[in-house]
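Everything below belongs to model-v9.cif, which stores mmCIF, C-alpha atoms and all ligand atoms.
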```
data_upload
loop_
_atom_site.label_atom_id
_atom_site.label_comp_id
_atom_site.auth_asym_id
_atom_site.auth_seq_id
_atom_site.Cartn_x
_atom_site.Cartn_y
_atom_site.Cartn_z
CA MET Z 1 22.82 3.29 5.31
CA SER Z 2 19.33 1.87 5.65
CA HIS Z 3 17.91 1.62 9.14
CA LEU Z 4 16.11 -1.68 8.67
CA LEU Z 5 17.55 -4.18 6.23
CA LEU Z 6 15.97 -7.51 5.34
CA GLN Z 7 18.13 -9.75 3.17
CA ASN Z 8 17.06 -12.96 1.44
CA LEU Z 9 14.42 -13.42 4.09
CA SER Z 10 12.26 -16.53 3.81
CA LYS Z 11 9.73 -18.19 6.08
CA ARG Z 12 8.31 -21.64 5.50
CA TYR Z 13 5.63 -23.36 7.53
CA GLY Z 14 6.06 -27.05 6.72
CA PRO Z 15 5.63 -27.31 2.96
CA ALA Z 16 4.01 -23.86 2.67
CA THR Z 17 6.12 -20.81 1.86
CA ALA Z 18 4.79 -17.70 3.63
CA LEU Z 19 7.72 -15.51 2.56
CA ASP Z 20 9.90 -16.21 -0.42
CA ASN Z 21 13.33 -14.57 -0.39
CA ILE Z 22 12.51 -10.97 0.41
CA ASP Z 23 14.91 -8.03 0.24
CA LEU Z 24 13.79 -4.78 1.79
CA ALA Z 25 15.57 -1.65 3.00
CA VAL Z 26 13.83 1.02 5.08
CA GLU Z 27 15.64 4.33 5.48
CA LYS Z 28 15.96 6.16 8.78
CA GLY Z 29 12.80 8.15 9.53
CA GLU Z 30 10.97 6.62 6.59
CA LEU Z 31 7.46 5.17 6.66
CA LEU Z 32 7.40 2.17 4.37
CA THR Z 33 4.14 0.30 3.83
CA LEU Z 34 3.73 -3.34 2.94
CA LEU Z 35 0.63 -3.47 0.75
CA GLY Z 36 -0.92 -6.61 -0.63
CA PRO Z 37 -3.92 -8.93 -0.51
CA SER Z 38 -4.75 -11.06 2.48
CA GLY Z 39 -2.33 -13.96 2.91
CA CYS Z 40 0.53 -12.46 0.88
CA GLY Z 41 2.90 -12.45 3.89
CA LYS Z 42 2.68 -8.92 5.34
CA THR Z 43 2.16 -9.96 8.96
CA THR Z 44 4.85 -12.61 8.59
CA VAL Z 45 7.37 -9.87 7.73
CA LEU Z 46 6.43 -7.91 10.87
CA ARG Z 47 6.60 -11.01 13.04
CA LEU Z 48 10.05 -11.82 11.74
CA VAL Z 49 11.25 -8.27 12.32
CA ALA Z 50 9.74 -8.26 15.81
CA GLY Z 51 11.35 -11.61 16.58
CA PHE Z 52 8.15 -13.53 17.33
CA VAL Z 53 9.08 -16.10 14.69
CA THR Z 54 12.48 -17.12 13.35
CA PRO Z 55 13.25 -17.02 9.63
CA SER Z 56 13.85 -20.18 7.61
CA ALA Z 57 16.61 -18.26 5.82
CA GLY Z 58 18.03 -14.77 5.56
CA SER Z 59 18.89 -11.96 7.94
CA ILE Z 60 17.44 -8.88 9.63
CA ARG Z 61 19.54 -5.86 10.52
CA ILE Z 62 18.44 -2.83 12.54
CA GLY Z 63 20.99 -0.03 12.31
CA ASP Z 64 24.31 -1.82 12.25
CA VAL Z 65 23.18 -4.71 14.44
CA ASP Z 66 22.24 -8.12 13.07
CA VAL Z 67 19.15 -8.92 15.17
CA THR Z 68 18.22 -12.15 13.40
CA ARG Z 69 18.97 -14.25 16.51
CA ILE Z 70 18.18 -11.61 19.14
CA LEU Z 71 15.16 -11.91 21.46
CA PRO Z 72 12.13 -9.69 20.73
CA TYR Z 73 12.46 -7.40 23.75
CA GLU Z 74 16.12 -6.74 22.97
CA ARG Z 75 15.35 -5.44 19.48
CA GLY Z 76 14.12 -1.98 20.53
CA ILE Z 77 10.86 -2.15 18.60
CA GLY Z 78 7.46 -0.59 19.31
CA MET Z 79 4.33 -2.23 17.95
CA VAL Z 80 0.73 -1.32 17.22
CA PHE Z 81 -1.67 -3.97 16.00
CA GLN Z 82 -5.35 -3.80 15.14
CA ASN Z 83 -6.23 -6.03 18.08
CA TYR Z 84 -3.40 -5.03 20.36
CA ALA Z 85 -5.70 -4.21 23.24
CA LEU Z 86 -4.92 -1.60 25.85
CA PHE Z 87 -4.86 -2.70 29.48
CA PRO Z 88 -8.53 -2.13 30.43
CA HIS Z 89 -7.88 -1.70 34.16
CA LEU Z 90 -5.20 0.97 33.67
CA SER Z 91 -5.79 4.66 32.93
CA VAL Z 92 -4.57 6.21 29.69
CA ALA Z 93 -1.53 7.64 31.48
CA ARG Z 94 -0.68 4.29 33.09
CA ASN Z 95 -1.10 2.48 29.78
CA ILE Z 96 1.41 4.84 28.22
CA ALA Z 97 3.73 4.61 31.24
CA PHE Z 98 3.67 0.81 31.26
CA SER Z 99 6.83 0.08 29.29
CA LEU Z 100 8.71 2.82 31.15
CA GLU Z 101 7.71 1.40 34.54
CA GLU Z 102 8.74 -2.05 33.32
CA ARG Z 103 12.15 -0.69 32.41
CA GLY Z 104 12.59 0.94 35.80
CA PHE Z 105 12.61 4.61 34.80
CA ALA Z 106 12.39 7.13 37.66
CA ARG Z 107 8.90 8.39 38.54
CA SER Z 108 9.67 11.99 37.62
CA GLN Z 109 11.07 10.93 34.25
CA ILE Z 110 8.00 8.82 33.58
CA ARG Z 111 5.66 11.68 34.48
CA GLN Z 112 7.45 14.03 32.11
CA ARG Z 113 7.59 11.53 29.23
CA VAL Z 114 3.91 10.58 29.61
CA GLY Z 115 3.03 14.30 29.53
CA GLU Z 116 4.95 14.75 26.27
CA LEU Z 117 3.32 11.71 24.72
CA LEU Z 118 -0.18 12.80 25.75
CA ASP Z 119 0.52 16.12 24.01
CA LEU Z 120 1.88 14.32 20.97
CA VAL Z 121 -1.27 12.23 20.51
CA ARG Z 122 -3.54 15.11 21.63
CA LEU Z 123 -5.04 13.32 24.62
CA SER Z 124 -3.83 15.51 27.47
CA ASP Z 125 -7.39 15.89 28.73
CA ALA Z 126 -7.93 12.14 28.83
CA ALA Z 127 -4.95 11.10 31.00
CA ASP Z 128 -7.11 9.70 33.80
CA ARG Z 129 -9.76 8.05 31.68
CA PHE Z 130 -9.94 4.31 31.12
CA PRO Z 131 -9.85 2.64 27.69
CA ALA Z 132 -13.56 1.80 27.75
CA GLN Z 133 -14.29 5.53 28.03
CA LEU Z 134 -12.47 6.32 24.78
CA SER Z 135 -13.52 6.16 21.12
CA GLY Z 136 -11.81 3.67 18.82
CA GLY Z 137 -9.62 6.39 17.35
CA GLN Z 138 -8.59 7.64 20.78
CA GLN Z 139 -7.75 4.09 21.85
CA GLN Z 140 -5.46 3.68 18.85
CA ARG Z 141 -3.77 6.98 19.68
CA VAL Z 142 -3.07 5.65 23.17
CA ALA Z 143 -1.74 2.45 21.58
CA VAL Z 144 0.62 4.53 19.44
CA ALA Z 145 1.80 6.56 22.44
CA ARG Z 146 2.34 3.37 24.41
CA ALA Z 147 4.30 1.79 21.55
CA VAL Z 148 6.71 4.72 21.23
CA ALA Z 149 6.98 5.56 24.96
CA TYR Z 150 10.51 4.26 25.51
CA ALA Z 151 11.69 5.72 22.18
CA PRO Z 152 12.15 2.50 20.21
CA GLN Z 153 14.28 2.68 17.05
CA LEU Z 154 11.61 1.07 14.95
CA LEU Z 155 7.81 1.13 14.89
CA LEU Z 156 5.80 -1.76 13.45
CA MET Z 157 2.12 -1.23 12.69
CA ASP Z 158 -0.09 -4.06 11.44
CA GLU Z 159 -3.44 -2.86 10.06
CA PRO Z 160 -3.72 -0.51 13.06
CA LEU Z 161 -6.80 1.27 11.71
CA GLY Z 162 -8.59 -1.79 10.38
CA ALA Z 163 -11.28 -1.74 13.05
CA LEU Z 164 -12.26 1.90 12.54
CA ASP Z 165 -15.02 3.18 10.27
CA LEU Z 166 -14.04 5.01 7.09
CA LYS Z 167 -14.23 8.63 8.26
CA LEU Z 168 -12.32 7.96 11.45
CA ARG Z 169 -9.83 5.83 9.59
CA GLU Z 170 -9.07 8.69 7.19
CA ALA Z 171 -8.59 11.12 10.06
CA MET Z 172 -6.33 8.65 11.86
CA GLN Z 173 -4.22 8.09 8.74
CA LEU Z 174 -3.25 11.75 8.83
CA GLU Z 175 -2.78 11.56 12.58
CA VAL Z 176 -0.49 8.51 12.42
CA ARG Z 177 1.54 10.24 9.72
CA ARG Z 178 1.85 13.45 11.75
CA ILE Z 179 2.98 11.57 14.86
CA GLN Z 180 5.43 9.45 12.88
CA ARG Z 181 6.93 12.56 11.28
CA GLU Z 182 7.17 14.44 14.56
CA LEU Z 183 9.02 11.53 16.13
CA GLY Z 184 11.06 10.86 12.99
CA ILE Z 185 10.70 7.17 13.77
CA THR Z 186 11.48 4.55 11.13
CA THR Z 187 8.20 2.72 10.54
CA LEU Z 188 7.12 -0.44 8.81
CA TYR Z 189 3.37 -0.22 8.24
CA VAL Z 190 1.03 -2.93 6.99
CA THR Z 191 -2.29 -2.53 5.23
CA HIS Z 192 -4.33 -4.18 2.49
CA ASP Z 193 -6.02 -0.83 1.72
CA GLN Z 194 -4.42 0.90 -1.28
CA THR Z 195 -5.80 4.35 -0.48
CA GLU Z 196 -4.46 4.13 3.06
CA ALA Z 197 -1.06 3.08 1.73
CA MET Z 198 -0.98 5.96 -0.75
CA ARG Z 199 -2.02 8.48 1.87
CA ILE Z 200 0.36 7.46 4.62
CA SER Z 201 3.60 6.23 3.04
CA ASP Z 202 6.93 7.56 1.88
CA ARG Z 203 7.30 4.36 -0.12
CA ILE Z 204 5.18 1.30 -0.70
CA ALA Z 205 6.26 -2.31 -1.19
CA ILE Z 206 3.64 -4.26 -3.13
CA MET Z 207 3.55 -7.88 -2.01
CA ASN Z 208 2.07 -10.87 -3.77
CA ALA Z 209 2.26 -14.52 -2.70
CA GLY Z 210 5.21 -14.13 -0.33
CA ARG Z 211 7.24 -11.88 -2.60
CA VAL Z 212 7.82 -8.17 -3.06
CA GLU Z 213 6.78 -7.27 -6.62
CA GLN Z 214 7.69 -3.58 -6.59
CA ILE Z 215 8.96 -0.89 -4.23
CA GLY Z 216 8.58 2.83 -4.82
CA SER Z 217 6.60 5.96 -4.07
CA ALA Z 218 2.86 5.81 -4.73
CA ALA Z 219 3.35 7.99 -7.82
CA GLU Z 220 6.14 5.79 -9.18
CA ILE Z 221 4.19 2.58 -8.74
CA TYR Z 222 0.94 4.04 -10.04
CA GLY Z 223 2.63 5.57 -13.06
CA ASP Z 224 4.94 2.71 -13.91
CA PRO Z 225 3.71 -0.57 -12.45
CA ALA Z 226 6.21 -3.39 -12.83
CA SER Z 227 3.67 -6.13 -13.39
CA ARG Z 228 0.06 -6.73 -14.23
CA PHE Z 229 -0.60 -7.67 -10.62
CA VAL Z 230 0.85 -4.37 -9.35
CA ALA Z 231 -1.05 -2.35 -11.97
CA ASP Z 232 -4.27 -3.96 -10.86
CA PHE Z 233 -3.62 -3.71 -7.12
CA LEU Z 234 -2.61 -0.05 -6.87
CA GLY Z 235 -5.24 2.05 -8.61
CA ARG Z 236 -7.77 0.99 -11.23
CA ILE Z 237 -6.73 -0.05 -14.68
CA ASN Z 238 -8.22 -1.45 -17.89
CA PHE Z 239 -6.55 -4.40 -19.54
CA ILE Z 240 -7.14 -4.77 -23.23
CA SER Z 241 -5.95 -7.89 -24.95
CA ALA Z 242 -3.83 -7.33 -28.07
CA ARG Z 243 -1.77 -9.28 -30.57
CA VAL Z 244 1.68 -8.15 -31.66
CA THR Z 245 1.53 -7.82 -35.45
CA SER Z 246 5.09 -6.66 -36.07
CA ILE Z 247 8.10 -5.70 -34.04
CA ALA Z 248 11.12 -3.68 -35.11
CA SER Z 249 13.97 -1.98 -33.27
CA ASP Z 250 12.06 1.29 -32.94
CA ARG Z 251 8.43 0.25 -32.70
CA MET Z 252 5.99 -2.52 -32.06
CA SER Z 253 2.57 -2.70 -33.71
CA VAL Z 254 -0.32 -4.35 -31.96
CA ARG Z 255 -3.91 -5.00 -32.98
CA SER Z 256 -6.70 -4.78 -30.42
CA ALA Z 257 -10.35 -3.89 -29.93
CA ILE Z 258 -9.47 -0.22 -30.34
CA GLY Z 259 -7.57 -0.78 -33.56
CA GLU Z 260 -3.96 -0.77 -34.59
CA LEU Z 261 -1.50 0.88 -32.18
CA LYS Z 262 2.17 1.71 -32.55
CA LEU Z 263 4.03 1.33 -29.26
CA PRO Z 264 7.65 1.44 -28.17
CA PRO Z 265 9.16 -2.04 -28.62
CA ARG Z 266 9.45 -4.31 -25.57
CA ASN Z 267 11.79 -7.18 -24.95
CA GLY Z 268 10.36 -10.64 -24.73
CA PHE Z 269 7.63 -10.26 -27.35
CA THR Z 270 7.60 -11.39 -30.97
CA ALA Z 271 5.10 -11.10 -33.79
CA GLY Z 272 2.10 -13.16 -32.75
CA SER Z 273 2.58 -12.66 -28.98
CA ILE Z 274 -0.61 -11.97 -27.06
CA VAL Z 275 -0.17 -9.10 -24.61
CA ALA Z 276 -2.33 -7.14 -22.17
CA LEU Z 277 -2.38 -3.38 -22.71
CA GLY Z 278 -2.94 -1.49 -19.46
CA ILE Z 279 -4.48 1.98 -19.38
CA ARG Z 280 -5.88 3.87 -16.39
CA PRO Z 281 -9.52 5.02 -16.56
CA ASP Z 282 -8.44 8.68 -16.31
CA GLU Z 283 -6.05 8.35 -19.25
CA ILE Z 284 -8.84 7.83 -21.78
CA GLU Z 285 -10.35 10.92 -23.38
CA VAL Z 286 -14.06 11.20 -24.06
CA GLU Z 287 -14.85 12.93 -27.39
CA PRO Z 288 -11.31 14.33 -27.70
CA SER Z 289 -11.50 17.80 -29.19
CA VAL Z 290 -7.85 17.99 -30.21
CA PRO Z 291 -6.64 14.52 -31.18
CA THR Z 292 -2.87 14.22 -30.88
CA ASN Z 293 -0.38 12.38 -33.07
CA ASP Z 294 -0.15 9.35 -30.89
CA MET Z 295 -3.88 9.10 -30.34
CA VAL Z 296 -6.12 6.37 -31.66
CA ILE Z 297 -9.81 7.20 -31.82
CA ALA Z 298 -12.19 4.31 -31.25
CA PRO Z 299 -15.98 4.20 -31.01
CA ALA Z 300 -17.70 2.96 -27.88
CA THR Z 301 -21.17 2.52 -26.46
CA VAL Z 302 -22.02 3.82 -23.00
CA LEU Z 303 -23.23 0.95 -20.83
CA ASP Z 304 -23.45 2.86 -17.59
CA ARG Z 305 -22.55 6.27 -16.26
CA VAL Z 306 -22.27 7.45 -12.65
CA PHE Z 307 -21.92 11.09 -11.69
CA LEU Z 308 -19.44 11.38 -8.80
CA GLY Z 309 -19.03 15.16 -8.64
CA ASN Z 310 -15.44 15.69 -9.70
CA ILE Z 311 -15.54 12.86 -12.21
CA VAL Z 312 -18.03 10.89 -14.24
CA GLU Z 313 -17.40 7.18 -14.15
CA MET Z 314 -18.42 5.43 -17.34
CA GLN Z 315 -18.55 1.81 -18.27
CA VAL Z 316 -18.19 1.49 -22.03
CA LYS Z 317 -18.30 -1.29 -24.60
CA LEU Z 318 -15.68 -1.33 -27.35
CA ALA Z 319 -15.42 -3.51 -30.44
CA ASP Z 320 -15.41 -7.29 -29.80
CA ASP Z 321 -17.56 -6.66 -26.69
CA VAL Z 322 -14.53 -5.48 -24.73
CA ILE Z 323 -15.60 -3.56 -21.61
CA ALA Z 324 -13.60 -0.63 -20.20
CA MET Z 325 -13.93 1.87 -17.36
CA VAL Z 326 -13.45 5.58 -18.07
CA GLU Z 327 -13.11 8.39 -15.55
CA ALA Z 328 -14.22 11.44 -17.48
CA LYS Z 329 -14.61 15.14 -16.71
CA PRO Z 330 -17.99 16.22 -15.29
CA ALA Z 331 -19.07 17.43 -18.74
CA ALA Z 332 -19.42 13.78 -19.73
CA ALA Z 333 -22.53 13.66 -17.57
CA ARG Z 334 -24.41 14.70 -20.74
CA PHE Z 335 -24.01 11.16 -22.09
CA SER Z 336 -26.29 8.39 -21.00
CA ARG Z 337 -26.78 4.67 -21.44
CA GLY Z 338 -26.80 3.56 -25.03
CA ASP Z 339 -25.08 6.67 -26.42
CA ARG Z 340 -22.41 6.14 -29.05
CA ILE Z 341 -19.29 8.11 -28.23
CA SER Z 342 -15.72 8.29 -29.41
CA LEU Z 343 -12.78 7.72 -27.10
CA GLY Z 344 -9.21 8.90 -27.51
CA TRP Z 345 -6.45 6.48 -26.51
CA HIS Z 346 -2.90 7.74 -26.28
CA ALA Z 347 -0.45 5.08 -27.42
CA SER Z 348 2.18 6.54 -25.10
CA ARG Z 349 -0.03 5.88 -22.09
CA PHE Z 350 -0.29 2.15 -22.62
CA ARG Z 351 1.71 -0.20 -20.49
CA VAL Z 352 2.34 -3.61 -21.99
CA PHE Z 353 2.11 -6.70 -19.82
CA ILE Z 354 2.46 -10.39 -20.39
CA LYS Z 355 -1.07 -11.63 -20.91
N1 LIG L 1 1.76 -19.99 12.01
C1 LIG L 1 1.49 -20.31 10.73
N2 LIG L 1 1.41 -21.59 10.34
C2 LIG L 1 1.14 -21.92 9.06
N3 LIG L 1 0.94 -21.03 8.08
C3 LIG L 1 1.01 -19.72 8.40
C4 LIG L 1 1.27 -19.29 9.74
N4 LIG L 1 1.28 -17.93 9.75
C5 LIG L 1 1.02 -17.54 8.48
N5 LIG L 1 0.86 -18.60 7.68
C6 LIG L 1 0.58 -18.56 6.23
O1 LIG L 1 1.52 -17.70 5.62
C7 LIG L 1 0.90 -16.90 4.62
C8 LIG L 1 1.10 -15.44 4.90
O2 LIG L 1 0.36 -15.08 6.06
P1 LIG L 1 0.35 -13.61 6.66
O3 LIG L 1 1.74 -13.13 6.78
O4 LIG L 1 -0.47 -13.64 7.89
O5 LIG L 1 -0.41 -12.81 5.50
P2 LIG L 1 -1.05 -11.33 5.52
O6 LIG L 1 -0.66 -10.64 6.79
O7 LIG L 1 -0.49 -10.67 4.30
O8 LIG L 1 -2.52 -11.52 5.39
C9 LIG L 1 -0.55 -17.32 4.57
O9 LIG L 1 -0.73 -18.27 3.56
C10 LIG L 1 -0.78 -17.94 5.93
O10 LIG L 1 -1.79 -18.89 5.89
MG MG L 2 -1.91 -9.81 8.27
#
```
Can you dump the structure from the file as structure tokens?
Ligand SMILES: Nc1ncnc2c1ncn2[C@@H]1O[C@H](COP(=O)(O)OP(=O)(O)O)[C@@H](O)[C@H]1O
Ligand SMILES: [Mg+2]
Amino acid sequence: MSHLLLQNLSKRYGPATALDNIDLAVEKGELLTLLGPSGCGKTTVLRLVAGFVTPSAGSIRIGDVDVTRILPYERGIGMVFQNYALFPHLSVARNIAFSLEERGFARSQIRQRVGELLDLVRLSDAADRFPAQLSGGQQQRVAVARAVAYAPQLLLMDEPLGALDLKLREAMQLEVRRIQRELGITTLYVTHDQTEAMRISDRIAIMNAGRVEQIGSAAEIYGDPASRFVADFLGRINFISARVTSIASDRMSVRSAIGELKLPPRNGFTAGSIVALGIRPDEIEVEPSVPTNDMVIAPATVLDRVFLGNIVEMQVKLADDVIAMVEAKPAAARFSRGDRISLGWHASRFRVFIK
């Protein structure tokens, strides 16, 4: 049974729909990330789960309890937000102890629990310091310890690392994941950063305009995106416009800037349909030495090439002035602007989307 279950959840503000009939199930101990552009409804989901706002429709269950009409502090939820400031006048230890003191735990119990939490977030040496004496990353670790102090059943994190610079953010992503795993706490995490989502999550829910477009592991979503929006949002992808020239039960032929391709047939298209073919920049071969059966070879002109160490990023121009991005092996560094090259496109790698 899932630990957090959202069913048919909607939230309207006047005429505007912030969340449009969402279903979501988070398993016990899982870290599920809501990923999507600004304004797509991520924070609204967390607020509904936390109980700060009431849904226009639908229900929220934690464990086997329907909490839809329960007050926030009765829901047993810990929270970490980007701007969820620590109490500046309290030491690290007192910040962490706060919710335990509020709940009337015995002093000895509090001392022991705070000690465990300081160990967990690796701040045992900083117990008596004040927030202003800590780095941004250390402050967020205190915020995490404070949020989980009374052992909530659910942890909500809304862009908790958004204020940190890149290097620190990457270190903290691993740190948040380690802490979450050690506690085994079911977590709903929010970010608009796809790399962060891929690094930190068991599963990702891609949101767009108040809806969930796809849920799955990073590898599942990257490999088999359910829509053009998802393909574009998680990872980089080229879209090449094509026209369906014929469709039969076993194959569909399309014509595009890279020539004629034979693809598996898809429902919903007929001869004449305009489609978008999606292919990731690392799925295109530069000067393929051993062309395969399903490969189409097409000429291209190098417009730009950037050496990035492990890959060479190339911008290329195909027929009809179609531009594509290619992530090639370092050997491709031998090509430069203006060079004519050949590219290998595997028909089996193309995803077909509605234009
Ligand atoms: N209190 C509110 N009143 C009116 N509109 C709101 C309110 N809160 C959020 N919205 C709207 O709901 C949509 C989703 O917002 P939000 O959940 O904050 O998005 P995200 O966290 O993904 O950036 C946005 O269009 C936002 O403007
Ligand atoms: Mg938000």
Original post:
Which residues come within 12 Å of Gly162 (chain Z), counting all atoms listed in the file, excluding same-chain residues fewer than 3 positions away, as a ChimeraX atom specification?
Top reply: /Z:80-84,136-137,140,157-159,165-166,168-170,172-173,190-193,196
**OP:** Enumerate as a list in words the residues within 7 Å of ligand MG 2 (chain L), counting all atoms listed in the file.
**Re:**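 Checked against 7 Å with all atoms listed in the file; the hits are Ser38, Gly39, Lys42, Thr43 and Asp158 of chain Z.
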Original post:
For the atom pair CA of Tyr189 (chain Z) and CA of Arg113 (chain Z), what is the interatomic distance in Å to one decimal place?
Top reply: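 Value for the CA of Tyr189 (chain Z)-CA of Arg113 (chain Z) distance: 24.4 Å.
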**OP:** Pick out the residues sitting within 8 Å of Ser273 (chain Z), and hand them over as an NGL selection string; count all atoms listed in the file, and ignore anything fewer than 3 positions along from it in its own chain.
**Re:** :Z and (243-244 or 269-270)
**OP:** Please return, as a count of residues only, all polymer residues that have at least one atom within 8 Å of the point (19.7, -16.0, 2.5); use all atoms listed in the file and the file's own coordinate frame.
**Re:** 8
How big is the axis-aligned box, and where does its centre sit, when it encloses all atoms of region 180-196 of chain Z listed in the file and has 3 Å added on every side, reported in Å to one decimal as AutoDock Vina command-line options?
```
--center_x 2.7 --center_y 5.1 --center_z 7.4 --size_x 23.5 --size_y 24.6 --size_z 23.4
```
Original post:
Quick one: of Z:Ala106, Z:Cys40, Z:Leu100, Z:Val142, who's nearest to Pro88 (chain Z), counting all atoms listed in the file?
Top reply: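 Residue with the minimum atom-to-atom distance to Pro88 (chain Z): Z:Val142.
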Original post:
Could you list, as a PyMOL selection string, all the residues within 10 Å of ligand LIG 1 (chain L), counting only C-alpha atoms and all ligand atoms?
Top reply: chain Z and resi 11-19+34-48+53+158-159+190-192+207-210
